file work.cif (mmCIF, C-alpha atoms and all ligand atoms)
data_input
#
loop_
_atom_site.label_atom_id
_atom_site.label_comp_id
_atom_site.auth_asym_id
_atom_site.auth_seq_id
_atom_site.Cartn_x
_atom_site.Cartn_y
_atom_site.Cartn_z
CA MET H 1390 114.41 65.74 90.89
CA ARG H 1391 116.36 69.00 90.46
CA VAL H 1392 115.55 71.11 93.52
CA GLY H 1393 116.77 74.54 94.65
CA PHE H 1394 116.72 75.88 98.23
CA LEU H 1395 117.34 79.49 99.26
CA GLY H 1396 117.75 80.53 102.91
CA LEU H 1397 119.94 78.27 105.03
CA GLY H 1398 119.03 79.79 108.40
CA ALA H 1399 118.21 78.08 111.70
CA ILE H 1400 115.30 76.10 110.24
CA GLY H 1401 116.03 76.27 106.50
CA SER H 1402 119.31 74.45 106.92
CA PRO H 1403 117.95 71.22 108.46
CA MET H 1404 115.03 71.26 105.98
CA ALA H 1405 117.42 71.53 103.04
CA ALA H 1406 119.58 68.75 104.49
CA HIS H 1407 116.71 66.29 103.95
CA LEU H 1408 116.41 67.38 100.31
CA ALA H 1409 120.18 66.95 99.84
CA ARG H 1410 119.89 63.29 100.82
CA ARG H 1411 117.15 62.67 98.26
CA ASP H 1412 117.29 65.16 95.39
CA GLU H 1413 119.72 66.85 93.05
CA LEU H 1414 119.98 69.93 95.28
CA MET H 1415 121.44 73.37 94.62
CA VAL H 1416 121.46 75.89 97.50
CA TRP H 1417 121.91 79.64 97.80
CA ASN H 1418 122.35 81.79 100.89
CA ARG H 1419 122.86 85.54 101.26
CA THR H 1420 126.02 84.88 103.28
CA ALA H 1421 127.77 82.73 100.69
CA SER H 1422 130.09 81.00 103.17
CA ARG H 1423 127.07 79.30 104.80
CA ALA H 1424 125.95 77.89 101.44
CA GLN H 1425 129.47 76.68 100.67
CA ALA H 1426 129.82 74.99 104.07
CA PHE H 1427 126.39 73.37 103.62
CA ALA H 1428 127.27 72.12 100.12
CA ALA H 1429 130.56 70.65 101.35
CA ARG H 1430 128.84 68.92 104.26
CA TYR H 1431 125.89 67.47 102.34
CA GLY H 1432 127.48 66.88 98.94
CA CYS H 1433 125.35 69.26 96.89
CA ARG H 1434 126.04 72.39 94.82
CA ALA H 1435 126.15 75.99 96.05
CA ALA H 1436 124.99 78.66 93.61
CA ALA H 1437 126.52 82.11 93.27
CA THR H 1438 123.16 83.77 92.59
CA PRO H 1439 119.43 83.11 93.03
CA ARG H 1440 119.20 83.10 89.22
CA GLU H 1441 121.57 80.12 89.03
CA VAL H 1442 119.32 78.16 91.43
CA ALA H 1443 116.21 78.99 89.38
CA SER H 1444 117.92 77.92 86.14
CA HIS H 1445 118.85 74.57 87.73
CA ALA H 1446 115.66 73.65 89.53
CA GLN H 1447 112.29 72.16 88.65
CA VAL H 1448 111.21 73.08 92.17
CA VAL H 1449 112.50 76.14 94.06
CA LEU H 1450 112.01 76.43 97.83
CA THR H 1451 112.60 79.53 99.94
CA CYS H 1452 112.83 79.93 103.73
CA LEU H 1453 113.56 83.57 104.55
CA PRO H 1454 112.55 85.85 107.44
CA THR H 1455 109.51 87.46 105.75
CA SER H 1456 107.67 87.50 102.42
CA HIS H 1457 109.36 90.80 101.62
CA GLU H 1458 112.78 89.13 101.35
CA VAL H 1459 111.20 86.46 99.15
CA GLU H 1460 109.70 89.06 96.83
CA ALA H 1461 113.01 90.94 96.71
CA LEU H 1462 114.86 87.78 95.61
CA LEU H 1463 112.78 87.72 92.44
CA GLU H 1464 114.23 91.03 91.28
CA GLY H 1465 117.22 91.97 89.16
CA ALA H 1466 119.56 90.41 86.63
CA ASP H 1467 120.74 87.83 89.22
CA GLY H 1468 117.28 87.33 90.73
CA LEU H 1469 115.08 84.26 90.69
CA GLU H 1470 112.75 85.58 88.04
CA ALA H 1471 115.62 85.84 85.55
CA GLY H 1472 116.17 82.08 85.83
CA LEU H 1473 112.74 80.58 86.46
CA ARG H 1474 111.34 78.54 83.60
CA SER H 1475 107.75 77.92 82.62
CA GLY H 1476 106.48 74.76 84.32
CA ALA H 1477 108.59 75.26 87.46
CA LEU H 1478 107.11 75.13 90.96
CA PHE H 1479 107.93 77.74 93.62
CA VAL H 1480 107.29 76.68 97.23
CA ASP H 1481 107.77 79.34 99.90
CA CYS H 1482 108.34 77.86 103.38
CA THR H 1483 108.81 81.29 104.96
CA SER H 1484 106.29 82.20 107.68
CA GLY H 1485 105.13 84.98 105.41
CA ASP H 1486 102.07 87.11 104.85
CA PRO H 1487 99.09 86.23 102.67
CA ALA H 1488 98.89 89.49 100.69
CA THR H 1489 102.53 89.45 99.53
CA SER H 1490 102.25 85.79 98.60
CA ARG H 1491 99.15 86.40 96.52
CA ARG H 1492 101.07 89.14 94.70
CA ILE H 1493 104.06 86.83 94.12
CA ALA H 1494 101.79 84.02 92.88
CA GLN H 1495 100.10 86.32 90.39
CA ARG H 1496 103.44 87.65 89.18
CA LEU H 1497 104.89 84.15 88.67
CA SER H 1498 101.76 82.87 86.94
CA ARG H 1499 102.54 85.23 84.03
CA TYR H 1500 105.65 83.07 83.43
CA GLY H 1501 103.84 79.75 83.85
CA VAL H 1502 105.37 79.19 87.31
CA ALA H 1503 103.10 77.73 90.01
CA PHE H 1504 103.30 78.99 93.61
CA ALA H 1505 102.48 77.51 97.01
CA ASP H 1506 102.95 79.06 100.45
CA ALA H 1507 104.04 76.28 102.79
CA PRO H 1508 105.13 77.57 106.21
CA VAL H 1509 106.22 74.98 108.73
CA SER H 1510 105.77 74.27 112.44
CA GLY H 1511 107.78 72.02 114.72
CA GLY H 1512 110.92 74.07 115.27
CA VAL H 1513 114.51 73.17 114.54
CA VAL H 1514 114.04 69.83 116.34
CA GLY H 1515 111.12 68.93 114.04
CA ALA H 1516 113.07 70.05 110.98
CA GLU H 1517 116.01 67.84 111.93
CA ALA H 1518 113.69 64.88 112.53
CA GLY H 1519 111.76 65.52 109.30
CA THR H 1520 108.49 65.68 111.23
CA LEU H 1521 107.33 69.23 110.54
CA THR H 1522 103.69 70.18 110.17
CA ILE H 1523 103.32 72.06 106.89
CA MET H 1524 100.43 74.44 106.15
CA VAL H 1525 99.91 74.85 102.44
CA GLY H 1526 98.08 77.52 100.49
CA ALA H 1527 97.79 76.71 96.78
CA ASP H 1528 95.38 75.60 94.10
CA PRO H 1529 94.68 71.85 94.37
CA GLY H 1530 96.90 70.90 91.40
CA THR H 1531 99.86 72.84 92.79
CA PHE H 1532 99.33 71.28 96.22
CA ASP H 1533 99.51 67.80 94.65
CA ARG H 1534 102.84 68.72 93.05
CA ALA H 1535 104.24 70.30 96.23
CA ARG H 1536 103.28 67.50 98.62
CA PRO H 1537 105.96 64.93 97.60
CA VAL H 1538 108.65 67.62 97.76
CA LEU H 1539 107.53 68.74 101.23
CA ALA H 1540 107.41 65.11 102.40
CA ALA H 1541 111.23 65.25 102.57
CA PHE H 1542 110.95 67.17 105.86
CA GLY H 1543 107.24 67.16 106.73
CA LYS H 1544 104.97 64.66 108.44
CA ARG H 1545 101.57 66.33 108.44
CA ILE H 1546 101.14 68.25 105.17
CA GLU H 1547 97.79 70.02 105.10
CA HIS H 1548 96.10 71.90 102.27
CA LEU H 1549 94.37 74.89 103.91
CA GLY H 1550 93.00 76.67 100.84
CA PRO H 1551 94.19 79.03 98.09
CA VAL H 1552 97.49 80.94 98.10
CA GLY H 1553 97.88 82.79 101.42
CA ALA H 1554 95.85 80.30 103.47
CA GLY H 1555 99.01 78.55 104.72
CA HIS H 1556 100.47 81.82 105.95
CA ALA H 1557 97.21 82.78 107.68
CA MET H 1558 97.10 79.41 109.50
CA LYS H 1559 100.73 79.69 110.55
CA ALA H 1560 100.26 83.24 111.85
CA VAL H 1561 97.33 82.16 114.03
CA ASN H 1562 99.38 79.24 115.37
CA ASN H 1563 102.31 81.46 116.27
CA ALA H 1564 100.10 84.14 117.78
CA LEU H 1565 98.93 81.44 120.20
CA ILE H 1566 102.55 80.62 121.09
CA ALA H 1567 103.15 84.31 121.83
CA VAL H 1568 100.07 84.59 124.04
CA ASN H 1569 101.02 81.39 125.89
CA ILE H 1570 104.57 82.64 126.52
CA LEU H 1571 103.33 85.90 128.00
CA ALA H 1572 100.48 84.47 130.07
CA LEU H 1573 102.58 81.60 131.41
CA GLY H 1574 105.51 83.89 132.18
CA GLU H 1575 103.25 86.25 134.15
CA GLY H 1576 101.54 83.43 136.03
CA LEU H 1577 104.78 81.67 136.94
CA ALA H 1578 106.40 84.91 138.09
CA ALA H 1579 103.50 85.48 140.50
CA LEU H 1580 103.55 81.89 141.76
CA VAL H 1581 107.32 82.03 142.40
CA LYS H 1582 106.90 85.34 144.25
CA ALA H 1583 104.22 83.70 146.37
CA GLY H 1584 106.68 80.95 147.34
CA VAL H 1585 105.69 78.14 144.96
CA SER H 1586 108.52 76.18 143.35
CA ALA H 1587 108.69 76.98 139.62
CA ARG H 1588 109.35 73.33 138.73
CA THR H 1589 106.39 72.14 140.81
CA ALA H 1590 104.11 74.80 139.29
CA VAL H 1591 105.08 73.72 135.77
CA ASN H 1592 104.61 70.04 136.62
CA VAL H 1593 101.14 70.75 138.04
CA LEU H 1594 100.16 72.79 134.98
CA ASN H 1595 101.34 70.00 132.73
CA SER H 1596 99.04 67.52 134.40
CA SER H 1597 96.18 70.06 134.35
CA ASN H 1598 94.21 71.73 131.60
CA GLY H 1599 96.22 74.95 131.43
CA ARG H 1600 99.10 73.11 129.74
CA SER H 1601 100.41 73.97 126.30
CA PHE H 1602 103.50 73.30 124.18
CA VAL H 1603 105.03 76.30 125.89
CA SER H 1604 104.50 74.81 129.38
CA GLU H 1605 105.29 71.22 128.38
CA VAL H 1606 108.42 71.77 126.31
CA LEU H 1607 109.68 75.31 125.94
CA VAL H 1608 109.60 76.58 129.53
CA PRO H 1609 111.03 73.39 131.11
CA GLU H 1610 113.84 73.20 128.53
CA ARG H 1611 114.76 76.87 128.30
CA VAL H 1612 113.48 78.90 131.24
CA LEU H 1613 113.61 76.53 134.22
CA THR H 1614 117.13 75.48 133.20
CA GLY H 1615 118.18 79.09 132.47
CA SER H 1616 119.80 77.84 129.25
CA TRP H 1617 117.92 80.21 126.89
CA PRO H 1618 119.05 78.57 123.60
CA ARG H 1619 118.57 80.67 120.48
CA THR H 1620 116.65 78.61 117.90
CA PHE H 1621 113.75 80.88 116.91
CA ARG H 1622 114.30 84.60 117.04
CA LEU H 1623 111.91 86.76 119.04
CA ALA H 1624 111.94 89.19 116.10
CA LEU H 1625 110.40 86.47 113.90
CA LEU H 1626 107.64 85.71 116.42
CA ASP H 1627 106.95 89.45 116.67
CA LYS H 1628 106.59 89.47 112.88
CA ASP H 1629 104.19 86.49 113.06
CA VAL H 1630 101.95 88.20 115.63
CA GLY H 1631 101.86 91.23 113.32
CA ILE H 1632 100.75 89.03 110.40
CA ALA H 1633 98.06 87.44 112.58
CA ARG H 1634 96.77 90.87 113.66
CA GLU H 1635 96.56 92.00 110.02
CA PHE H 1636 94.77 88.79 109.08
CA LEU H 1637 92.19 89.17 111.85
CA GLN H 1638 91.69 92.81 110.90
CA GLU H 1639 91.12 91.86 107.25
CA THR H 1640 88.50 89.31 108.28
CA GLY H 1641 86.73 91.83 110.54
CA VAL H 1642 87.43 89.95 113.79
CA ASP H 1643 88.28 92.13 116.81
CA ALA H 1644 91.58 91.04 118.34
CA PRO H 1645 92.22 92.84 121.66
CA VAL H 1646 94.27 89.92 123.02
CA LEU H 1647 96.52 89.73 119.96
CA ASP H 1648 96.82 93.51 119.83
CA LEU H 1649 98.23 93.52 123.35
CA ALA H 1650 100.49 90.50 122.70
CA GLY H 1651 101.79 92.30 119.61
CA LYS H 1652 102.60 95.45 121.58
CA LEU H 1653 104.38 93.45 124.29
CA PHE H 1654 106.43 91.45 121.78
CA SER H 1655 107.41 94.57 119.84
CA ARG H 1656 108.54 96.14 123.11
CA ALA H 1657 110.52 92.99 124.00
CA ARG H 1658 112.14 93.04 120.54
CA ALA H 1659 113.18 96.66 121.01
CA GLU H 1660 114.63 95.93 124.46
CA LEU H 1661 116.30 92.57 123.79
CA GLY H 1662 117.41 93.05 120.19
CA ASP H 1663 116.95 91.10 116.96
CA GLY H 1664 119.11 88.16 118.05
CA ALA H 1665 117.12 87.23 121.19
CA ASP H 1666 115.19 83.95 121.26
CA HIS H 1667 111.38 84.13 121.49
CA LEU H 1668 111.30 82.67 125.02
CA GLU H 1669 113.45 85.57 126.24
CA ALA H 1670 110.28 87.70 126.43
CA ILE H 1671 109.95 86.00 129.81
CA LYS H 1672 113.18 87.68 130.93
CA LEU H 1673 111.36 91.02 130.85
CA ILE H 1674 108.55 89.63 132.99
CA GLU H 1675 111.14 88.27 135.44
CA ARG H 1676 112.88 91.63 135.54
CA GLN H 1677 109.67 93.54 136.26
CA ALA H 1678 108.59 91.02 138.90
CA GLY H 1679 112.04 90.81 140.49
CA VAL H 1680 112.16 86.98 140.35
CA GLU H 1681 113.82 84.23 138.36
CA ILE H 1682 111.67 81.33 137.15
CA ARG H 1683 114.14 78.47 137.65
CA GLY H 1684 114.10 75.01 139.13
P1 LIG C 1701 117.15 82.84 110.54
O1 LIG C 1701 117.17 84.24 110.99
O2 LIG C 1701 117.92 81.81 111.29
O3 LIG C 1701 117.66 82.75 109.01
C1 LIG C 1701 117.18 83.62 108.04
C2 LIG C 1701 117.69 83.21 106.67
O4 LIG C 1701 117.25 84.19 105.73
C3 LIG C 1701 119.22 83.16 106.56
O5 LIG C 1701 119.56 82.20 105.60
C4 LIG C 1701 119.54 84.56 106.08
O6 LIG C 1701 120.77 84.65 105.39
C5 LIG C 1701 118.40 84.79 105.11
N1 LIG C 1701 118.14 86.20 104.88
C6 LIG C 1701 117.89 87.16 105.79
N2 LIG C 1701 117.68 88.35 105.19
C7 LIG C 1701 117.84 88.13 103.86
C8 LIG C 1701 117.75 88.96 102.71
N3 LIG C 1701 117.45 90.26 102.83
N4 LIG C 1701 117.96 88.41 101.50
C9 LIG C 1701 118.25 87.10 101.39
N5 LIG C 1701 118.35 86.26 102.44
C10 LIG C 1701 118.13 86.78 103.65
O7 LIG C 1701 115.61 82.44 110.42
P2 LIG C 1701 114.94 81.00 110.59
O8 LIG C 1701 115.64 80.02 109.72
O9 LIG C 1701 114.74 80.72 112.03
O10 LIG C 1701 113.48 81.33 109.99
C11 LIG C 1701 113.20 81.35 108.60
C12 LIG C 1701 111.69 81.39 108.45
O11 LIG C 1701 111.14 80.21 109.05
C13 LIG C 1701 111.03 82.59 109.15
O12 LIG C 1701 109.95 83.05 108.41
C14 LIG C 1701 110.58 81.99 110.48
O13 LIG C 1701 109.50 82.72 111.03
C15 LIG C 1701 110.20 80.58 110.06
N6 LIG C 1701 110.23 79.57 111.11
C16 LIG C 1701 111.32 79.43 111.96
C17 LIG C 1701 111.30 78.47 112.94
C18 LIG C 1701 112.46 78.25 113.90
O14 LIG C 1701 112.31 77.46 114.85
N7 LIG C 1701 113.62 78.88 113.70
C19 LIG C 1701 110.13 77.60 113.15
C20 LIG C 1701 109.10 77.76 112.14
C21 LIG C 1701 109.15 78.73 111.21
P3 LIG C 1701 122.16 84.95 106.15
O15 LIG C 1701 122.73 83.61 106.47
O16 LIG C 1701 122.95 85.72 105.15
O17 LIG C 1701 121.83 85.78 107.37
#

call {"tool": "encode", "arguments": {"input": "work.cif", "output": "structure tokens", "more": "lines below"}}
Ligand code: NDP
result
Amino acid sequence: MRVGFLGLGAIGSPMAAHLARRDELMVWNRTASRAQAFAARYGCRAAATPREVASHAQVVLTCLPTSHEVEALLEGADGLEAGLRSGALFVDCTSGDPATSRRIAQRLSRYGVAFADAPVSGGVVGAEAGTLTIMVGADPGTFDRARPVLAAFGKRIEHLGPVGAGHAMKAVNNALIAVNILALGEGLAALVKAGVSARTAVNVLNSSNGRSFVSEVLVPERVLTGSWPRTFRLALLDKDVGIAREFLQETGVDAPVLDLAGKLFSRARAELGDGADHLEAIKLIERQAGVEIRG
């Protein structure tokens, strides 16, 4: 199948690598050197413009920071819209927002192009292993077309509802990660101050019912070791909490917990910068508490 992929970032790159092994892939990236290096490594073609990708592909996938960058890529003489053909399928793997995706879907439908939002979960490790969970919002026929494409890098591929439903699901998932990071960081800082070993505290949590992915994987690998790898930018998690807050507001559900998590993550983003990893929010808790959570 002729497939196009735009956005070779931290997670887009390993996702696209699976497609390169299977499909006739053409890639595009804003920083062209990254697309050229990817094409040389995986034996596929790098396009000069989004339009070139759209002209090539039966299925176009995007994985960009937000839905706004996706919408912007449609525009202009070199944009996706100039190259998309009737009958094509557009699958957006960005952790985006439901309202923008509904607008994009409506816009593309005028050209006979089907749209699915298909954000992913599982991190860079899951993308490399091809075991991502994928949350799809689309009409049932479009979902059936998207599923075999997404199977290149996904394990659990779930149809959540119409366009936007995938983004809503993903935002709720990531809001929980944000809340877990903050609550666990605060709790561990207090335990360490009280003289408990950070490693022991994490081990106890992980054999008790307060455990989460954050306590089982992220904190042991990144915080206790002090390695702080940068695989998922804090700025992107801040964006996800914002999408979740908007979604809860739209549905009329009060969200005091998410409101506070959103404020704390926005503050962390301002203090630590756009390049910081999401776990680095714990650095601010450590700083305030005057301890390091290591062990
Ligand atoms: P990165 O910041 O690593 O990469 C972003 C990508 O988008 C790069 O290819 C970048 O190009 C491109 N880009 C940025 N701005 C623009 C623009 N204005 N126009 C065109 N291209 C642009 O992000 P990730 O790969 O980590 O994340 C991508 C999406 O996946 C996000 O929505 C994120 O929330 C989601 N996600 C990320 C996960 C992770 O573990 N990293 C996990 C699950 C979801 P350039 O190379 O030129 O900078």

call {"tool": "residues_around", "arguments": {"input": "work.cif", "residues": "Val1459 of chain H", "least_positions_apart": "3", "cutoff": "12 Å", "atoms": "only C-alpha atoms", "output": "number ranges by chain"}}
result
H: 1394-1396, 1419, 1439, 1449-1456, 1462-1464, 1468-1470, 1479-1486, 1489-1490, 1492-1494, 1506

call {"tool": "residues_near_ligand", "arguments": {"input": "work.cif", "ligand": "ligand LIG 1701 (chain C)", "cutoff": "9 Å", "atoms": "all atoms listed in the file", "output": "number ranges by chain"}}
result
H: 1395-1402, 1417-1424, 1451-1459, 1461-1462, 1482-1485, 1508-1516, 1521, 1559, 1563, 1619-1622, 1624-1626, 1628-1629, 1664

call {"tool": "write_last_selection", "arguments": {"input": "work.cif", "atoms": "C-alpha atoms", "output": "compact mmCIF listing (two decimals), in the frame of the given file"}}
result
# COMPACT_ATOMS: atom_id res chain seq x y z
CA LEU H 1395 117.34 79.49 99.26
CA GLY H 1396 117.75 80.53 102.91
CA LEU H 1397 119.94 78.27 105.03
CA GLY H 1398 119.03 79.79 108.40
CA ALA H 1399 118.21 78.08 111.70
CA ILE H 1400 115.30 76.10 110.24
CA GLY H 1401 116.03 76.27 106.50
CA SER H 1402 119.31 74.45 106.92
CA TRP H 1417 121.91 79.64 97.80
CA ASN H 1418 122.35 81.79 100.89
CA ARG H 1419 122.86 85.54 101.26
CA THR H 1420 126.02 84.88 103.28
CA ALA H 1421 127.77 82.73 100.69
CA SER H 1422 130.09 81.00 103.17
CA ARG H 1423 127.07 79.30 104.80
CA ALA H 1424 125.95 77.89 101.44
CA THR H 1451 112.60 79.53 99.94
CA CYS H 1452 112.83 79.93 103.73
CA LEU H 1453 113.56 83.57 104.55
CA PRO H 1454 112.55 85.85 107.44
CA THR H 1455 109.51 87.46 105.75
CA SER H 1456 107.67 87.50 102.42
CA HIS H 1457 109.36 90.80 101.62
CA GLU H 1458 112.78 89.13 101.35
CA VAL H 1459 111.20 86.46 99.15
CA ALA H 1461 113.01 90.94 96.71
CA LEU H 1462 114.86 87.78 95.61
CA CYS H 1482 108.34 77.86 103.38
CA THR H 1483 108.81 81.29 104.96
CA SER H 1484 106.29 82.20 107.68
CA GLY H 1485 105.13 84.98 105.41
CA PRO H 1508 105.13 77.57 106.21
CA VAL H 1509 106.22 74.98 108.73
CA SER H 1510 105.77 74.27 112.44
CA GLY H 1511 107.78 72.02 114.72
CA GLY H 1512 110.92 74.07 115.27
CA VAL H 1513 114.51 73.17 114.54
CA VAL H 1514 114.04 69.83 116.34
CA GLY H 1515 111.12 68.93 114.04
CA ALA H 1516 113.07 70.05 110.98
CA LEU H 1521 107.33 69.23 110.54
CA LYS H 1559 100.73 79.69 110.55
CA ASN H 1563 102.31 81.46 116.27
CA ARG H 1619 118.57 80.67 120.48
CA THR H 1620 116.65 78.61 117.90
CA PHE H 1621 113.75 80.88 116.91
CA ARG H 1622 114.30 84.60 117.04
CA ALA H 1624 111.94 89.19 116.10
CA LEU H 1625 110.40 86.47 113.90
CA LEU H 1626 107.64 85.71 116.42
CA LYS H 1628 106.59 89.47 112.88
CA ASP H 1629 104.19 86.49 113.06
CA GLY H 1664 119.11 88.16 118.05

call {"tool": "atom_distance", "arguments": {"input": "work.cif", "atom1": "atom CA of Val1442 of chain H", "atom2": "atom CA of Arg1499 of chain H"}}
result
19.7 Å

call {"tool": "atom_distance", "arguments": {"input": "work.cif", "atom1": "atom CA of Phe1602 of chain H", "atom2": "atom CA of Pro1537 of chain H"}}
result
28.0 Å

call {"tool": "atom_distance", "arguments": {"input": "work.cif", "atom1": "atom CA of Ala1527 of chain H", "atom2": "atom CA of Pro1551 of chain H"}}
result
4.5 Å

call {"tool": "closest_residue", "arguments": {"input": "work.cif", "among": "H:Arg1634, H:Ile1682, H:Arg1491, H:Ala1505", "to": "Val1585 of chain H", "atoms": "all atoms listed in the file"}}
result
H:Ile1682

call {"tool": "residues_around", "arguments": {"input": "work.cif", "residues": "segment 1671-1679 of chain H", "least_positions_apart": "4", "cutoff": "12 Å", "atoms": "all atoms listed in the file", "output": "JSON, numbers by chain"}}
result
{"H": [1567, 1568, 1569, 1570, 1571, 1572, 1573, 1574, 1575, 1576, 1577, 1578, 1579, 1580, 1581, 1582, 1583, 1603, 1607, 1608, 1611, 1612, 1613, 1615, 1616, 1617, 1623, 1653, 1654, 1656, 1657, 1658, 1659, 1660, 1661, 1665, 1666, 1667, 1683]}

call {"tool": "closest_residue", "arguments": {"input": "work.cif", "among": "H:Ser1604, H:Met1415, H:Tyr1500, H:Leu1478", "to": "Arg1440 of chain H", "atoms": "all atoms listed in the file"}}
result
H:Met1415

call {"tool": "residues_near_point", "arguments": {"input": "work.cif", "point": "(111.7, 63.6, 105.4)", "cutoff": "9 Å", "atoms": "only C-alpha atoms", "output": "list in words"}}
result
Met1404, His1407, Leu1408, Ala1516, Glu1517, Ala1518, Gly1519, Thr1520, Leu1521, Leu1539, Ala1540, Ala1541, Phe1542, Gly1543 and Lys1544 of chain H

call {"tool": "closest_residue", "arguments": {"input": "work.cif", "among": "H:Val1552, H:Ala1435, H:Asp1533, H:Gly1684", "to": "Ala1590 of chain H", "atoms": "all atoms listed in the file"}}
result
H:Gly1684

call {"tool": "closest_residue", "arguments": {"input": "work.cif", "among": "H:Arg1430, H:Arg1410, H:His1445, H:His1556", "to": "Val1392 of chain H", "atoms": "only C-alpha atoms"}}
result
H:His1445

call {"tool": "closest_residue", "arguments": {"input": "work.cif", "among": "H:Val1680, H:Ala1564, H:Ala1429, H:Ala1650", "to": "Ala1587 of chain H", "atoms": "only C-alpha atoms"}}
result
H:Val1680

call {"tool": "closest_residue", "arguments": {"input": "work.cif", "among": "H:Leu1637, H:Leu1414, H:Gly1599, H:Gly1501", "to": "Gly1432 of chain H", "atoms": "all atoms listed in the file"}}
result
H:Leu1414

call {"tool": "residues_near_point", "arguments": {"input": "work.cif", "point": "(98.8, 90.3, 112.0)", "cutoff": "10 Å", "atoms": "all atoms listed in the file", "output": "list of chain:residue names"}}
result
H:Asp1486, H:Ala1557, H:Ala1560, H:Val1561, H:Ala1564, H:Asp1627, H:Lys1628, H:Asp1629, H:Val1630, H:Gly1631, H:Ile1632, H:Ala1633, H:Arg1634, H:Glu1635, H:Phe1636, H:Leu1637, H:Gln1638, H:Glu1639, H:Ala1644, H:Leu1647, H:Asp1648, H:Gly1651

call {"tool": "decode", "arguments": {"input": "work.cif", "residues": "segment 1661-1672 of chain H", "atoms": "N, CA, C and O atoms", "output": "PDB file, in the first residue's frame"}}
result
ATOM      1  N   LEU H1661      10.542  25.019  33.572  1.00  0.00           N
ATOM      2  CA  LEU H1661      11.539  24.042  33.076  1.00  0.00           C
ATOM      3  C   LEU H1661      11.776  24.143  31.580  1.00  0.00           C
ATOM      4  O   LEU H1661      12.741  23.584  31.064  1.00  0.00           O
ATOM      5  N   GLY H1662      10.876  24.803  30.873  1.00  0.00           N
ATOM      6  CA  GLY H1662      11.068  24.985  29.429  1.00  0.00           C
ATOM      7  C   GLY H1662      10.428  23.886  28.602  1.00  0.00           C
ATOM      8  O   GLY H1662      10.084  22.823  29.116  1.00  0.00           O
ATOM      9  N   ASP H1663      10.317  24.143  27.288  1.00  0.00           N
ATOM     10  CA  ASP H1663       9.598  23.251  26.382  1.00  0.00           C
ATOM     11  C   ASP H1663      10.297  21.914  26.162  1.00  0.00           C
ATOM     12  O   ASP H1663       9.677  20.944  25.749  1.00  0.00           O
ATOM     13  N   GLY H1664      11.612  21.865  26.440  1.00  0.00           N
ATOM     14  CA  GLY H1664      12.348  20.629  26.160  1.00  0.00           C
ATOM     15  C   GLY H1664      12.301  19.616  27.292  1.00  0.00           C
ATOM     16  O   GLY H1664      12.671  18.457  27.101  1.00  0.00           O
ATOM     17  N   ALA H1665      11.852  20.032  28.488  1.00  0.00           N
ATOM     18  CA  ALA H1665      11.892  19.135  29.651  1.00  0.00           C
ATOM     19  C   ALA H1665      11.006  17.915  29.444  1.00  0.00           C
ATOM     20  O   ALA H1665       9.979  17.987  28.781  1.00  0.00           O
ATOM     21  N   ASP H1666      11.395  16.781  30.038  1.00  0.00           N
ATOM     22  CA  ASP H1666      10.554  15.582  29.999  1.00  0.00           C
ATOM     23  C   ASP H1666       9.428  15.711  31.028  1.00  0.00           C
ATOM     24  O   ASP H1666       9.573  16.411  32.035  1.00  0.00           O
ATOM     25  N   HIS H1667       8.321  14.973  30.795  1.00  0.00           N
ATOM     26  CA  HIS H1667       7.151  15.120  31.675  1.00  0.00           C
ATOM     27  C   HIS H1667       7.451  14.757  33.131  1.00  0.00           C
ATOM     28  O   HIS H1667       6.904  15.355  34.043  1.00  0.00           O
ATOM     29  N   LEU H1668       8.357  13.798  33.357  1.00  0.00           N
ATOM     30  CA  LEU H1668       8.651  13.393  34.735  1.00  0.00           C
ATOM     31  C   LEU H1668       9.375  14.499  35.507  1.00  0.00           C
ATOM     32  O   LEU H1668       9.407  14.503  36.735  1.00  0.00           O
ATOM     33  N   GLU H1669       9.968  15.439  34.781  1.00  0.00           N
ATOM     34  CA  GLU H1669      10.748  16.490  35.440  1.00  0.00           C
ATOM     35  C   GLU H1669       9.878  17.424  36.295  1.00  0.00           C
ATOM     36  O   GLU H1669      10.402  18.229  37.074  1.00  0.00           O
ATOM     37  N   ALA H1670       8.573  17.308  36.186  1.00  0.00           N
ATOM     38  CA  ALA H1670       7.687  18.052  37.106  1.00  0.00           C
ATOM     39  C   ALA H1670       8.051  17.705  38.547  1.00  0.00           C
ATOM     40  O   ALA H1670       7.912  18.531  39.463  1.00  0.00           O
ATOM     41  N   ILE H1671       8.545  16.482  38.731  1.00  0.00           N
ATOM     42  CA  ILE H1671       8.920  16.057  40.090  1.00  0.00           C
ATOM     43  C   ILE H1671      10.137  16.837  40.593  1.00  0.00           C
ATOM     44  O   ILE H1671      10.308  17.022  41.806  1.00  0.00           O
ATOM     45  N   LYS H1672      10.957  17.333  39.687  1.00  0.00           N
ATOM     46  CA  LYS H1672      12.109  18.146  40.124  1.00  0.00           C
ATOM     47  C   LYS H1672      11.651  19.377  40.916  1.00  0.00           C
ATOM     48  O   LYS H1672      12.312  19.807  41.856  1.00  0.00           O
TER      49      LYS H1672
END
